[in-house]
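One file, data-v1.cif, is given below (mmCIF, C-alpha atoms).
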data_protein
#
loop_
_atom_site.label_atom_id
_atom_site.label_comp_id
_atom_site.auth_asym_id
_atom_site.auth_seq_id
_atom_site.Cartn_x
_atom_site.Cartn_y
_atom_site.Cartn_z
CA MET A 21 67.64 96.88 78.09
CA LEU A 22 70.23 94.09 77.88
CA ASP A 23 71.66 93.21 81.29
CA ILE A 24 75.38 92.84 80.64
CA SER A 25 77.28 90.70 83.10
CA LEU A 26 80.63 92.31 83.90
CA SER A 27 83.80 90.30 84.35
CA HIS A 28 84.78 89.09 87.80
CA ARG A 29 87.79 91.39 87.40
CA ALA A 30 85.65 94.50 86.97
CA GLN A 31 83.34 93.45 89.78
CA SER A 32 86.22 92.87 92.20
CA ILE A 33 87.29 96.52 92.36
CA LYS A 34 85.74 99.79 93.45
CA PRO A 35 85.54 103.09 91.55
CA SER A 36 88.01 105.70 92.79
CA PRO A 37 86.43 107.28 95.90
CA THR A 38 88.34 110.52 95.37
CA LEU A 39 86.83 110.89 91.91
CA ALA A 40 83.42 109.95 93.33
CA VAL A 41 83.60 112.76 95.91
CA THR A 42 84.63 115.26 93.23
CA ALA A 43 81.73 114.14 91.03
CA LYS A 44 79.23 114.38 93.90
CA ALA A 45 80.44 117.89 94.76
CA ALA A 46 80.08 118.94 91.11
CA GLU A 47 76.56 117.52 91.05
CA LEU A 48 75.56 119.53 94.13
CA ARG A 49 77.14 122.69 92.70
CA ALA A 50 75.10 122.23 89.54
CA ALA A 51 72.02 122.07 91.77
CA GLY A 52 72.90 125.49 93.21
CA LYS A 53 74.78 124.46 96.36
CA ASP A 54 77.85 126.47 97.39
CA ILE A 55 80.13 123.45 97.78
CA ILE A 56 83.77 123.90 98.78
CA GLY A 57 85.71 120.95 97.41
CA LEU A 58 88.54 119.64 99.60
CA GLY A 59 88.72 116.30 97.82
CA ALA A 60 90.87 117.13 94.81
CA GLY A 61 94.20 115.37 94.39
CA GLU A 62 95.74 117.98 92.13
CA PRO A 63 97.39 121.39 92.50
CA ASP A 64 95.07 124.33 91.91
CA PHE A 65 97.79 126.30 90.07
CA ASP A 66 98.09 126.51 86.30
CA THR A 67 100.90 124.74 84.46
CA PRO A 68 103.89 127.13 84.18
CA ASP A 69 104.00 129.14 80.96
CA HIS A 70 107.33 127.84 79.66
CA ILE A 71 105.93 124.28 79.78
CA LYS A 72 102.76 125.27 77.92
CA LYS A 73 104.84 127.10 75.30
CA ALA A 74 106.93 123.97 74.74
CA ALA A 75 103.72 122.05 74.03
CA ILE A 76 102.52 124.71 71.58
CA LYS A 77 105.89 124.63 69.83
CA ALA A 78 105.66 120.84 69.58
CA ILE A 79 102.26 121.11 67.91
CA GLU A 80 103.45 123.80 65.50
CA SER A 81 106.56 121.81 64.57
CA GLY A 82 104.57 118.66 63.81
CA GLN A 83 105.45 116.55 66.86
CA THR A 84 102.01 114.97 66.64
CA LYS A 85 102.84 111.41 65.60
CA TYR A 86 103.37 108.15 67.45
CA THR A 87 106.54 107.95 69.52
CA ALA A 88 108.31 104.89 70.88
CA VAL A 89 106.09 103.06 73.39
CA ASP A 90 108.51 103.89 76.22
CA GLY A 91 108.85 107.57 75.33
CA THR A 92 110.95 109.87 73.19
CA THR A 93 114.72 109.73 73.40
CA GLU A 94 114.78 113.38 74.45
CA LEU A 95 112.45 112.83 77.39
CA LYS A 96 114.15 109.62 78.51
CA LYS A 97 117.50 111.43 78.54
CA ALA A 98 115.93 114.23 80.61
CA ILE A 99 114.57 111.66 83.08
CA ILE A 100 117.96 109.94 83.38
CA GLN A 101 119.56 113.33 84.07
CA LYS A 102 116.84 114.16 86.61
CA PHE A 103 117.41 110.89 88.47
CA LYS A 104 121.17 111.52 88.51
CA ASN A 105 121.06 115.19 89.53
CA GLU A 106 118.23 115.08 92.06
CA ASN A 107 118.25 111.51 93.35
CA ASN A 108 121.83 110.31 92.84
CA LEU A 109 120.51 107.33 90.87
CA ASP A 110 122.16 106.12 87.66
CA TYR A 111 120.02 104.49 84.97
CA GLU A 112 120.61 103.42 81.36
CA MET A 113 118.11 104.09 78.57
CA ASN A 114 116.63 100.58 78.83
CA GLN A 115 116.03 101.08 82.57
CA VAL A 116 113.65 104.04 82.22
CA ALA A 117 110.26 104.32 80.58
CA VAL A 118 107.62 107.00 80.11
CA GLN A 119 103.95 106.16 80.52
CA SER A 120 100.60 107.94 80.67
CA GLY A 121 100.90 109.15 84.26
CA ALA A 122 102.45 107.71 87.42
CA LYS A 123 99.18 105.81 87.95
CA HIS A 124 99.58 104.13 84.57
CA SER A 125 103.21 103.34 85.40
CA LEU A 126 102.14 101.62 88.62
CA TYR A 127 99.37 99.72 86.84
CA ASN A 128 101.76 98.44 84.18
CA LEU A 129 104.28 97.49 86.88
CA PHE A 130 101.68 95.43 88.74
CA GLN A 131 100.58 93.77 85.48
CA ALA A 132 104.13 92.98 84.39
CA LEU A 133 105.30 91.62 87.75
CA LEU A 134 102.44 89.93 89.58
CA ASN A 135 100.77 86.54 89.15
CA PRO A 136 97.59 85.15 90.70
CA GLY A 137 98.30 84.19 94.30
CA ASP A 138 101.13 86.70 94.78
CA GLU A 139 100.87 89.07 97.72
CA VAL A 140 101.48 92.84 97.66
CA ILE A 141 102.40 94.42 101.00
CA ILE A 142 100.76 97.85 101.33
CA PRO A 143 101.05 100.10 104.41
CA ALA A 144 97.82 101.87 105.41
CA PRO A 145 96.79 104.59 105.00
CA PHE A 146 97.46 104.02 101.31
CA TRP A 147 96.69 105.73 98.04
CA VAL A 148 93.30 104.31 97.08
CA SER A 149 94.42 102.59 93.86
CA TYR A 150 97.18 100.31 95.19
CA PRO A 151 94.95 97.48 96.49
CA ASP A 152 92.71 97.43 93.43
CA MET A 153 95.70 97.45 91.09
CA ALA A 154 96.94 94.35 92.92
CA LYS A 155 93.54 92.69 92.50
CA LEU A 156 93.43 93.54 88.79
CA ALA A 157 96.72 91.65 88.45
CA GLY A 158 95.24 88.66 90.27
CA ALA A 159 97.32 89.31 93.39
CA GLU A 160 96.23 89.75 96.98
CA PRO A 161 96.81 93.04 98.83
CA VAL A 162 98.20 92.54 102.35
CA ILE A 163 97.46 95.68 104.34
CA ILE A 164 99.62 96.78 107.30
CA LYS A 165 97.47 99.00 109.50
CA THR A 166 98.81 102.03 111.34
CA THR A 167 97.27 104.75 113.51
CA ILE A 168 97.89 108.42 114.17
CA GLU A 169 99.83 107.33 117.26
CA ASP A 170 102.24 105.56 114.87
CA SER A 171 102.43 108.77 112.80
CA PHE A 172 100.78 106.60 110.12
CA LYS A 173 104.10 104.81 109.50
CA ILE A 174 104.87 101.10 109.72
CA SER A 175 107.65 99.61 111.84
CA PRO A 176 110.25 97.04 110.72
CA GLU A 177 108.50 94.50 112.98
CA GLN A 178 105.18 95.09 111.23
CA LEU A 179 106.83 94.69 107.83
CA ARG A 180 108.48 91.44 108.85
CA GLY A 181 105.20 90.16 110.26
CA ALA A 182 103.40 90.81 106.96
CA ILE A 183 105.90 88.87 104.85
CA SER A 184 105.02 85.36 103.72
CA ASP A 185 106.34 82.95 101.10
CA LYS A 186 103.79 84.54 98.70
CA SER A 187 105.10 88.11 99.15
CA ARG A 188 106.16 89.54 95.80
CA LEU A 189 106.02 93.33 96.10
CA PHE A 190 106.31 95.99 98.80
CA VAL A 191 104.83 99.43 98.11
CA ILE A 192 106.05 102.59 99.84
CA ASN A 193 104.84 106.16 99.24
CA SER A 194 106.71 108.96 101.03
CA PRO A 195 105.64 111.77 101.32
CA SER A 196 102.36 109.96 101.70
CA ASN A 197 99.00 110.44 100.07
CA PRO A 198 96.85 110.73 102.20
CA SER A 199 98.75 111.35 105.45
CA GLY A 200 101.29 113.93 104.28
CA VAL A 201 104.01 112.32 106.42
CA CYS A 202 107.50 111.26 105.37
CA TYR A 203 109.63 108.37 106.54
CA SER A 204 112.93 109.57 108.01
CA GLU A 205 116.29 108.34 106.76
CA GLN A 206 116.59 106.08 109.82
CA GLU A 207 113.09 104.67 109.34
CA LEU A 208 113.74 103.92 105.68
CA ALA A 209 117.05 102.25 106.56
CA ALA A 210 115.33 100.01 109.12
CA LEU A 211 112.71 98.91 106.57
CA GLY A 212 115.44 98.35 104.00
CA GLU A 213 117.31 96.05 106.37
CA VAL A 214 114.22 93.84 106.66
CA LEU A 215 113.72 93.74 102.88
CA LEU A 216 117.35 92.72 102.33
CA GLU A 217 116.57 89.51 104.21
CA TYR A 218 113.96 88.57 101.56
CA PRO A 219 115.61 88.72 98.11
CA ASP A 220 112.46 87.59 96.24
CA ILE A 221 110.47 90.69 97.22
CA MET A 222 110.47 93.57 94.77
CA VAL A 223 110.06 97.16 95.98
CA VAL A 224 108.24 100.08 94.39
CA THR A 225 108.73 103.57 95.77
CA ASP A 226 106.05 106.03 94.65
CA ASP A 227 107.83 109.39 94.68
CA ILE A 228 105.15 111.50 93.01
CA TYR A 229 105.11 114.04 95.88
CA GLU A 230 108.91 114.29 96.03
CA HIS A 231 109.06 118.04 95.43
CA ILE A 232 106.15 119.08 97.66
CA LEU A 233 108.20 118.71 100.82
CA TRP A 234 109.04 120.87 103.83
CA GLY A 235 109.34 118.54 106.82
CA GLN A 236 112.83 117.31 105.90
CA ASP A 237 116.02 118.97 104.68
CA LYS A 238 116.05 116.90 101.50
CA PHE A 239 114.03 114.19 99.81
CA LEU A 240 115.16 110.59 100.29
CA ASN A 241 113.53 107.40 99.11
CA ILE A 242 114.25 103.86 100.30
CA LEU A 243 116.69 103.27 97.43
CA ASN A 244 118.78 106.33 98.36
CA VAL A 245 119.08 105.00 101.91
CA CYS A 246 119.48 101.32 101.00
CA PRO A 247 121.29 101.16 97.63
CA LYS A 248 121.70 97.37 97.92
CA LEU A 249 118.03 97.21 96.85
CA PHE A 250 118.84 98.74 93.46
CA GLU A 251 118.44 95.52 91.45
CA ARG A 252 114.89 94.98 92.75
CA THR A 253 113.47 98.47 93.21
CA VAL A 254 111.33 100.47 90.81
CA VAL A 255 111.16 104.24 91.30
CA VAL A 256 107.89 105.74 90.06
CA ASN A 257 107.49 109.48 89.52
CA GLY A 258 105.89 111.97 87.15
CA VAL A 259 105.32 115.62 86.35
CA SER A 260 101.70 115.81 87.56
CA LYS A 261 102.10 117.12 91.11
CA ALA A 262 105.46 118.88 90.94
CA TYR A 263 104.61 121.01 87.88
CA SER A 264 100.79 121.13 88.10
CA MET A 265 100.49 118.92 85.00
CA THR A 266 97.85 116.42 86.14
CA GLY A 267 95.92 116.57 82.87
CA TRP A 268 99.02 116.10 80.73
CA ARG A 269 99.37 112.46 81.89
CA ILE A 270 103.10 111.87 81.97
CA GLY A 271 104.66 109.49 84.48
CA TYR A 272 107.97 107.67 84.39
CA VAL A 273 109.91 104.87 86.04
CA GLY A 274 113.47 103.80 86.69
CA GLY A 275 114.12 100.17 87.46
CA PRO A 276 115.50 96.78 86.41
CA ALA A 277 115.72 96.56 82.61
CA SER A 278 113.86 93.23 82.38
CA LEU A 279 110.91 94.55 84.39
CA VAL A 280 110.81 97.84 82.48
CA LYS A 281 110.77 95.81 79.27
CA GLY A 282 107.78 93.85 80.57
CA MET A 283 105.98 97.08 81.45
CA ASN A 284 106.58 98.37 77.93
CA LYS A 285 105.07 95.16 76.49
CA ILE A 286 101.93 95.74 78.57
CA ALA A 287 101.76 99.36 77.38
CA SER A 288 102.28 98.33 73.75
CA GLN A 289 99.09 96.26 73.84
CA SER A 290 96.99 98.80 75.73
CA THR A 291 97.77 102.49 75.34
CA SER A 292 100.86 102.52 73.12
CA ASN A 293 102.95 105.67 73.67
CA PRO A 294 102.10 108.59 75.97
CA THR A 295 100.93 111.71 74.15
CA SER A 296 103.75 113.12 72.01
CA ILE A 297 102.87 116.75 72.81
CA ALA A 298 102.76 116.14 76.56
CA GLN A 299 106.16 114.45 76.33
CA ALA A 300 107.64 117.58 74.76
CA ALA A 301 106.10 119.62 77.60
CA ALA A 302 107.59 117.21 80.16
CA VAL A 303 111.07 117.78 78.72
CA ALA A 304 110.61 121.51 79.35
CA ALA A 305 109.35 120.76 82.87
CA LEU A 306 112.33 118.61 83.82
CA THR A 307 115.05 120.67 82.13
CA GLY A 308 113.70 124.23 82.37
CA ASP A 309 113.17 126.81 85.09
CA GLN A 310 112.41 125.08 88.41
CA SER A 311 111.31 128.15 90.37
CA TYR A 312 107.63 127.12 90.21
CA ILE A 313 108.36 124.18 92.56
CA HIS A 314 109.75 126.41 95.30
CA GLU A 315 106.98 128.99 94.89
CA SER A 316 104.10 126.50 94.93
CA THR A 317 105.57 124.50 97.82
CA SER A 318 105.80 127.68 99.90
CA VAL A 319 102.10 128.30 99.29
CA PHE A 320 101.19 124.71 100.16
CA LYS A 321 103.20 124.96 103.39
CA ALA A 322 101.32 128.11 104.44
CA ARG A 323 97.99 126.45 103.70
CA HIS A 324 99.06 123.33 105.60
CA ASP A 325 99.91 125.38 108.67
CA PHE A 326 96.56 127.18 108.56
CA VAL A 327 94.54 123.96 108.20
CA TYR A 328 96.53 122.14 110.88
CA GLU A 329 96.15 124.96 113.42
CA ASN A 330 92.41 125.25 112.82
CA LEU A 331 91.73 121.50 112.94
CA MET A 332 93.60 121.19 116.24
CA LYS A 333 91.23 123.77 117.78
CA ILE A 334 88.18 121.55 117.18
CA ASP A 335 87.13 119.12 119.93
CA GLY A 336 87.33 115.49 118.84
CA ILE A 337 89.84 116.08 116.05
CA ASN A 338 93.48 114.98 116.23
CA CYS A 339 95.88 115.85 113.45
CA LEU A 340 99.55 115.36 112.60
CA LYS A 341 101.78 118.06 111.19
CA GLY A 342 102.51 116.99 107.65
CA ASP A 343 105.94 116.85 106.01
CA GLY A 344 104.69 117.48 102.49
CA THR A 345 102.01 116.85 99.81
CA PHE A 346 98.87 119.01 99.87
CA TYR A 347 96.82 116.88 102.27
CA SER A 348 95.95 116.83 105.94
CA PHE A 349 94.64 113.57 107.37
CA PRO A 350 92.92 114.31 110.68
CA ASP A 351 91.65 111.51 112.92
CA MET A 352 87.98 112.33 113.57
CA ASN A 353 87.02 109.30 115.65
CA GLY A 354 86.38 111.65 118.57
CA VAL A 355 83.87 113.61 116.51
CA ILE A 356 82.13 110.41 115.37
CA GLN A 357 81.85 109.12 118.95
CA ALA A 358 80.35 112.40 120.12
CA MET A 359 77.58 112.47 117.48
CA ASP A 360 74.46 110.40 118.03
CA ASN A 361 73.49 110.17 114.37
CA ILE A 362 76.95 109.47 112.88
CA ARG A 363 78.40 105.95 113.00
CA ASN A 364 81.47 106.12 110.76
CA ASP A 365 83.66 108.34 108.59
CA ILE A 366 81.54 107.77 105.47
CA GLU A 367 78.45 109.13 107.23
CA LEU A 368 80.57 111.96 108.64
CA ALA A 369 81.74 112.91 105.14
CA GLU A 370 78.11 112.95 103.98
CA PHE A 371 77.23 115.12 107.00
CA PHE A 372 79.94 117.65 106.13
CA LEU A 373 78.85 117.67 102.50
CA GLU A 374 75.16 118.23 103.27
CA GLU A 375 75.33 120.41 106.39
CA ALA A 376 78.59 122.34 105.93
CA GLU A 377 78.69 122.11 102.12
CA VAL A 378 82.32 120.98 102.36
CA ALA A 379 83.49 117.93 100.38
CA MET A 380 86.29 115.72 101.70
CA VAL A 381 87.22 112.05 101.32
CA PRO A 382 86.53 109.56 104.15
CA GLY A 383 89.60 107.82 105.54
CA SER A 384 88.15 104.34 105.07
CA ALA A 385 88.87 104.77 101.35
CA PHE A 386 92.55 104.89 102.30
CA GLY A 387 92.41 102.02 104.77
CA ALA A 388 92.12 104.30 107.83
CA PRO A 389 88.51 104.40 109.08
CA GLY A 390 87.63 107.39 111.23
CA CYS A 391 90.03 109.73 109.46
CA MET A 392 89.29 112.27 106.73
CA ARG A 393 91.52 113.43 103.87
CA ILE A 394 91.43 117.18 103.43
CA SER A 395 93.11 118.59 100.34
CA PHE A 396 94.41 122.13 100.71
CA ALA A 397 95.06 122.43 96.98
CA THR A 398 92.62 125.32 96.88
CA SER A 399 92.66 129.02 97.74
CA MET A 400 93.22 130.31 101.27
CA GLU A 401 89.85 132.08 101.00
CA LYS A 402 88.10 128.74 100.46
CA LEU A 403 90.12 127.09 103.22
CA GLU A 404 89.15 129.83 105.67
CA ALA A 405 85.48 129.44 104.73
CA SER A 406 85.62 125.64 104.96
CA MET A 407 87.20 125.69 108.43
CA GLU A 408 84.50 128.10 109.65
CA ARG A 409 81.78 125.88 108.22
CA ILE A 410 83.22 122.76 109.85
CA LYS A 411 83.50 124.52 113.20
CA ARG A 412 79.91 125.79 112.88
CA VAL A 413 78.29 122.41 112.17
CA LEU A 414 80.28 120.70 114.93
CA ALA A 415 79.63 123.41 117.54
#
What does the file become when written as structure tokens?
Amino acid sequence: MLDISLSHRAQSIKPSPTLAVTAKAAELRAAGKDIIGLGAGEPDFDTPDHIKKAAIKAIESGQTKYTAVDGTTELKKAIIQKFKNENNLDYEMNQVAVQSGAKHSLYNLFQALLNPGDEVIIPAPFWVSYPDMAKLAGAEPVIIKTTIEDSFKISPEQLRGAISDKSRLFVINSPSNPSGVCYSEQELAALGEVLLEYPDIMVVTDDIYEHILWGQDKFLNILNVCPKLFERTVVVNGVSKAYSMTGWRIGYVGGPASLVKGMNKIASQSTSNPTSIAQAAAVAALTGDQSYIHESTSVFKARHDFVYENLMKIDGINCLKGDGTFYSFPDMNGVIQAMDNIRNDIELAEFFLEEAEVAMVPGSAFGAPGCMRISFATSMEKLEASMERIKRVLA
């Protein structure tokens, strides 16, 4: 067989570890193992019926053709209204764009903004794709490490210390995947004050978990708290997590018109427009009945409380109460130190998978070795069983 040499670009990045865990769990299930998967980064609920009906109507009415690269007028207007009503942010049509998921939006942003040699400041723990997206754009990820004692949040001093004359972009994700924690209004304001001192640094706020929130009275991003950053901040969001529409692949951005235009150019030569039918469904999601958000968030909060209380009963595990998302991110360094045959979180994840038949993602994938991301986007029955299994193998 021909040995094909991949590009340096392809060789410089890693496959998504969250997808790898999901694939490994599926492989073991196929072999007859009773695997409980706690690795998934998507809600376990179905897409609400009124959204599915809007998609069916779009198909029946012939909305099956190409749309504008940056999305349909109807969806862009719905996004502008969403930003205004929910986030108190005002955008024009040329300042918003629709792309094939929030992940795709972030990728296009990195491609449109970054040059080789630029630096991207990324707090850890981080969503696994940020550093590799930077590398794919030729830029260098600069990671700011935090610990559970820091509540997995960076300080203004750490941010200032990470800035150099090559810094081009700062990434913030709150509520955070994987930690589940939110920056407070005061914490965001303090970070914003630092960024105002460096006018060449762009900011991207990844708000994809905006609606899965219980630890604060209302959602705030860094732009809400520091509006002087408006001209150099991109807000990234989507319908995937809030409306259980992960497979529909609709994300969107609001930001400076020139940068959004650059992102659209990248999209025009790669994917073209997002799926027309999914865009029609996204209009229904953003403008229709919003009760699903409240109902699903209440369920996630109950699951969070159960997982947190059970993890804190296990020797060697330390865990923070989350503010949102559907993840817990326990520090398991104590467990690793107490086990003779386990040296790190990757080996611990393999141990849980083989001995407890529970799949979770090691924290090193998120820049936090010794931790473990546990998704509670699954039934309470499975969560109860998984906690019992973990307790049993660690007893």
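Against this structure, the PyMOL selection byres ((chain A and resi 92-99) around 7) ends up with Thr87, Ala88, Gly91, Ile100, Gln101, Lys102, Phe103, Met113, Val116, Ala117, Gln299, Val303, Leu306 and Thr307 of chain A.
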So, counting all atoms listed in the file, which residue among A:Pro176, A:Asp220, A:Asp226, A:Gly342 is closest to A:Glu207?
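Of the candidates, the smallest distance to A:Glu207 is held by A:Pro176.
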Tell me, as number ranges by chain, which residues lie within 8 Å of A:Cys339, counting only C-alpha atoms; anything in the same chain fewer than 6 positions away does not count.
A: 168, 328, 331-332, 348-351
Do you know which residues the PyMOL selection byres ((chain A and resi 270) around 12) returns on this file, as a PyMOL selection string?
chain A and resi 90-92+95-96+99+117-125+228+256-269+271-273+293-303+305-306
Could the residues in this selection be written to a file with C-alpha atoms, as a short mmCIF file (atom, residue, chain, number, x, y, z; two decimals), in the frame of the given file?
data_model
loop_
_atom_site.label_atom_id
_atom_site.label_comp_id
_atom_site.auth_asym_id
_atom_site.auth_seq_id
_atom_site.Cartn_x
_atom_site.Cartn_y
_atom_site.Cartn_z
CA ASP A 90 108.51 103.89 76.22
CA GLY A 91 108.85 107.57 75.33
CA THR A 92 110.95 109.87 73.19
CA LEU A 95 112.45 112.83 77.39
CA LYS A 96 114.15 109.62 78.51
CA ILE A 99 114.57 111.66 83.08
CA ALA A 117 110.26 104.32 80.58
CA VAL A 118 107.62 107.00 80.11
CA GLN A 119 103.95 106.16 80.52
CA SER A 120 100.60 107.94 80.67
CA GLY A 121 100.90 109.15 84.26
CA ALA A 122 102.45 107.71 87.42
CA LYS A 123 99.18 105.81 87.95
CA HIS A 124 99.58 104.13 84.57
CA SER A 125 103.21 103.34 85.40
CA ILE A 228 105.15 111.50 93.01
CA VAL A 256 107.89 105.74 90.06
CA ASN A 257 107.49 109.48 89.52
CA GLY A 258 105.89 111.97 87.15
CA VAL A 259 105.32 115.62 86.35
CA SER A 260 101.70 115.81 87.56
CA LYS A 261 102.10 117.12 91.11
CA ALA A 262 105.46 118.88 90.94
CA TYR A 263 104.61 121.01 87.88
CA SER A 264 100.79 121.13 88.10
CA MET A 265 100.49 118.92 85.00
CA THR A 266 97.85 116.42 86.14
CA GLY A 267 95.92 116.57 82.87
CA TRP A 268 99.02 116.10 80.73
CA ARG A 269 99.37 112.46 81.89
CA GLY A 271 104.66 109.49 84.48
CA TYR A 272 107.97 107.67 84.39
CA VAL A 273 109.91 104.87 86.04
CA ASN A 293 102.95 105.67 73.67
CA PRO A 294 102.10 108.59 75.97
CA THR A 295 100.93 111.71 74.15
CA SER A 296 103.75 113.12 72.01
CA ILE A 297 102.87 116.75 72.81
CA ALA A 298 102.76 116.14 76.56
CA GLN A 299 106.16 114.45 76.33
CA ALA A 300 107.64 117.58 74.76
CA ALA A 301 106.10 119.62 77.60
CA ALA A 302 107.59 117.21 80.16
CA VAL A 303 111.07 117.78 78.72
CA ALA A 305 109.35 120.76 82.87
CA LEU A 306 112.33 118.61 83.82
#
Write out as a ChimeraX atom specification which residues come within 8 Å of stretch 145-155 of chain A when counting only C-alpha atoms, dropping same-chain ones fewer than 2 positions away.
/A:29,32-34,36-37,127,130,134,140,142-143,157-161,165-166,172,193,196-199,383,385-388
C-alpha atoms of the current selection, written as a PDB file, in the coordinates of the input:
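Output saved as part.pdb:
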ATOM      1  CA  ARG A  29      87.790  91.390  87.400  1.00  0.00           C
ATOM      2  CA  SER A  32      86.220  92.870  92.200  1.00  0.00           C
ATOM      3  CA  ILE A  33      87.290  96.520  92.360  1.00  0.00           C
ATOM      4  CA  LYS A  34      85.740  99.790  93.450  1.00  0.00           C
ATOM      5  CA  SER A  36      88.010 105.700  92.790  1.00  0.00           C
ATOM      6  CA  PRO A  37      86.430 107.280  95.900  1.00  0.00           C
ATOM      7  CA  TYR A 127      99.370  99.720  86.840  1.00  0.00           C
ATOM      8  CA  PHE A 130     101.680  95.430  88.740  1.00  0.00           C
ATOM      9  CA  LEU A 134     102.440  89.930  89.580  1.00  0.00           C
ATOM     10  CA  VAL A 140     101.480  92.840  97.660  1.00  0.00           C
ATOM     11  CA  ILE A 142     100.760  97.850 101.330  1.00  0.00           C
ATOM     12  CA  PRO A 143     101.050 100.100 104.410  1.00  0.00           C
ATOM     13  CA  ALA A 157      96.720  91.650  88.450  1.00  0.00           C
ATOM     14  CA  GLY A 158      95.240  88.660  90.270  1.00  0.00           C
ATOM     15  CA  ALA A 159      97.320  89.310  93.390  1.00  0.00           C
ATOM     16  CA  GLU A 160      96.230  89.750  96.980  1.00  0.00           C
ATOM     17  CA  PRO A 161      96.810  93.040  98.830  1.00  0.00           C
ATOM     18  CA  LYS A 165      97.470  99.000 109.500  1.00  0.00           C
ATOM     19  CA  THR A 166      98.810 102.030 111.340  1.00  0.00           C
ATOM     20  CA  PHE A 172     100.780 106.600 110.120  1.00  0.00           C
ATOM     21  CA  ASN A 193     104.840 106.160  99.240  1.00  0.00           C
ATOM     22  CA  SER A 196     102.360 109.960 101.700  1.00  0.00           C
ATOM     23  CA  ASN A 197      99.000 110.440 100.070  1.00  0.00           C
ATOM     24  CA  PRO A 198      96.850 110.730 102.200  1.00  0.00           C
ATOM     25  CA  SER A 199      98.750 111.350 105.450  1.00  0.00           C
ATOM     26  CA  GLY A 383      89.600 107.820 105.540  1.00  0.00           C
ATOM     27  CA  ALA A 385      88.870 104.770 101.350  1.00  0.00           C
ATOM     28  CA  PHE A 386      92.550 104.890 102.300  1.00  0.00           C
ATOM     29  CA  GLY A 387      92.410 102.020 104.770  1.00  0.00           C
ATOM     30  CA  ALA A 388      92.120 104.300 107.830  1.00  0.00           C
TER      31      ALA A 388
END
Between A:Gly390, A:Leu233, A:Asn108, A:Gln178, which one has atoms that come closest to A:Arg363, using only C-alpha atoms?
A:Gly390
Atom CA of A:Asn353 and atom CA of A:Ile337, how far apart in Å?
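These two atoms are separated by 7.4 Å.
Shortest atom-to-atom contact with A:Ile232 among A:Glu62, A:Glu377, A:Glu367, A:Asp309: A:Glu62, counting only C-alpha atoms.
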The residue from A:Val191, A:Val214, A:Met21, A:Ala397 with the smallest atom-to-atom distance to A:Val255, counting only C-alpha atoms, is A:Val191
I need the residue nearest A:Lys173 from this list: A:Ile221, A:Ala287, A:Leu208, A:Ile55. Use all atoms listed in the file for the distance.
A:Leu208
Using atom CA of A:Ala369 and atom CA of A:Asp325 as the two end points, give the distance in Å to one decimal.
22.3 Å
Expected selection from the PyMOL selection byres ((chain A and resi 43-47) around 9), given as a PyMOL selection string
chain A and resi 38-42+48-51+53+55-57+59+373+377-379
Selection as number ranges by chain: residues within 8 Å of (107.3, 106.7, 102.1), counting all atoms listed in the file:
A: 192-196, 201-203, 208, 225-227, 241-242
Nearest residue to A:Ser395 out of A:Lys321, A:Gln115, A:Val413, A:Leu58, using only C-alpha atoms?
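Selected residue with least distance to A:Ser395: A:Leu58.
Here the residues that fall within 12 Å of (110.1, 92.7, 81.2), using all atoms listed in the file, are given as Asn114, Gln115, Val116, Ala117, Asn128, Leu129, Phe130, Gln131, Ala132, Leu133, Leu134, Gly275, Pro276, Ala277, Ser278, Leu279, Val280, Lys281, Gly282, Met283, Asn284, Lys285, Ile286 and Ala287 of chain A.
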Do you have the atom CA of A:Phe346-atom CA of A:Leu109 distance handy?
26.2 Å
